[in-house]
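See structure below.
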Amino acid sequence: MINTNAFDYINVLDKAADASWLRNEAISNNIANVDTPGYKRQDVAFEVELEKALGNNRYISMDEKVAGVRTGRLEGRPYTDYANYSYRLDGNNVDIENENVMLAENQLKYQGLLASINQEFTNLQTVMK
């Protein structure tokens, strides 16, 4: 059996793309429920989990940090924003303008992650030639 770290970046990027997809679903759900009384917005926490997984040791290379990530524990965590504020009297805290901006930002992030995954596979193909 070959022991290789060739897919470390691909595995981490895959988890990030999964979390971005979950965030897209949460934001779309927020937009769909913008007029639902009492609805609280939802989001997905991933970036903080990734930062924890990578660690903050500046003396270790990014390759070593990514190799040490346990991808089984790296998941996007959906959460409901129970903020004490509301934009309306009905208790809904979804701001449609903010959600549309977040949706566009997340779509760009997702496209960037997919491009990075494709580039990693291209790099592997180049090495195997």
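Residue names in the structure tokens use chain letters A, B, ... in the order shown, residue numbers from 1 in each chain, and ligand numbers from 1 in the order shown.
Residue neighbourhood of Phe46 of chain A, excluding near-sequence residues (fewer than 4 positions): Val12, Leu13, Lys15, Ala16, Ala17, Asp18, Ala19, Ser20, Trp21, Leu22, Arg23, Leu50, Glu51, Lys52, Ala53, Arg73, Leu74, Glu75, Gly76, Arg77, Pro78 and Tyr79 of chain A, at 12 Å, using only C-alpha atoms.
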### Query
What is the distance, in Å and to one decimal place, between atom CA of Asn33 of chain A and atom CA of Leu113 of chain A?
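About the pair atom CA of Asn33 of chain A and atom CA of Leu113 of chain A: they are 27.7 Å apart.
Among the candidates A:Thr36, A:Asn24, A:Asn123, A:Asn5, the one nearest to Val101 of chain A when counting only C-alpha atoms is A:Asn24.
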### Task
Name all residues at most 10 Å from Ile96 of chain A (count only C-alpha atoms; drop same-chain ones fewer than 3 positions away) and give them as a PyMOL selection string.
chain A and resi 27+30-35+93+99-102
### Task
State, in Å with one decimal place, the distance from atom CA of Asn98 of chain A to atom CA of Ser28 of chain A.
12.1 Å
Residues within 9 Å of segment 8-11 of chain A, please, as a tab-separated table (two decimals) with N, CA and C atoms, in the first residue's frame. Count only C-alpha atoms; anything in the same chain fewer than 6 positions from it doesn't count.
chain	number	residue	atom	x	y	z
A	63	ASP	N	1.73	23.04	4.21
A	63	ASP	CA	1.66	21.62	3.85
A	63	ASP	C	1.57	20.75	5.08
A	66	VAL	N	-1.93	21.22	6.73
A	66	VAL	CA	-3.00	20.53	6.01
A	66	VAL	C	-2.86	19.02	6.18
A	67	ALA	N	-1.64	18.52	6.22
A	67	ALA	CA	-1.43	17.08	6.41
A	67	ALA	C	-1.92	16.63	7.78
A	68	GLY	N	-1.91	17.53	8.76
A	68	GLY	CA	-2.33	17.18	10.11
A	68	GLY	C	-3.82	17.34	10.38
A	69	VAL	N	-4.57	17.82	9.41
A	69	VAL	CA	-6.00	18.03	9.60
A	69	VAL	C	-6.73	16.70	9.59
A	71	THR	N	-9.84	15.28	8.67
A	71	THR	CA	-10.99	15.70	7.87
A	71	THR	C	-12.29	15.09	8.36
A	116	SER	N	-10.13	25.49	-7.26
A	116	SER	CA	-8.94	25.01	-6.55
A	116	SER	C	-8.86	23.49	-6.56
A	117	ILE	N	-10.00	22.83	-6.38
A	117	ILE	CA	-10.02	21.36	-6.44
A	117	ILE	C	-9.61	20.90	-7.83
A	118	ASN	N	-10.16	21.52	-8.85
A	118	ASN	CA	-9.79	21.15	-10.23
A	118	ASN	C	-8.30	21.37	-10.48
A	120	GLU	N	-5.90	21.22	-8.26
A	120	GLU	CA	-5.16	20.17	-7.55
A	120	GLU	C	-5.15	18.88	-8.37
A	121	PHE	N	-6.28	18.53	-8.97
A	121	PHE	CA	-6.32	17.33	-9.82
A	121	PHE	C	-5.46	17.52	-11.07
#### Entry: Expected answer as a list in words: strand (DSSP E) residues in chain A
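Selecting the strand (DSSP E) positions of chain A gives Gln42, Asp43, Val44, Ala45, Arg77, Pro78, Tyr79 and Thr80 of chain A.
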#### Entry: Residue nearest Thr80 of chain A among A:Gln42, A:Ser61, A:Gln125, A:Gln119 (counting only C-alpha atoms)
A:Gln42
### Query
Just asking: which residues within chain A are alpha helix (DSSP H) according to DSSP, as a VMD selection string?
chain A and resid 8 to 32 47 to 54 62 to 67 96 to 128
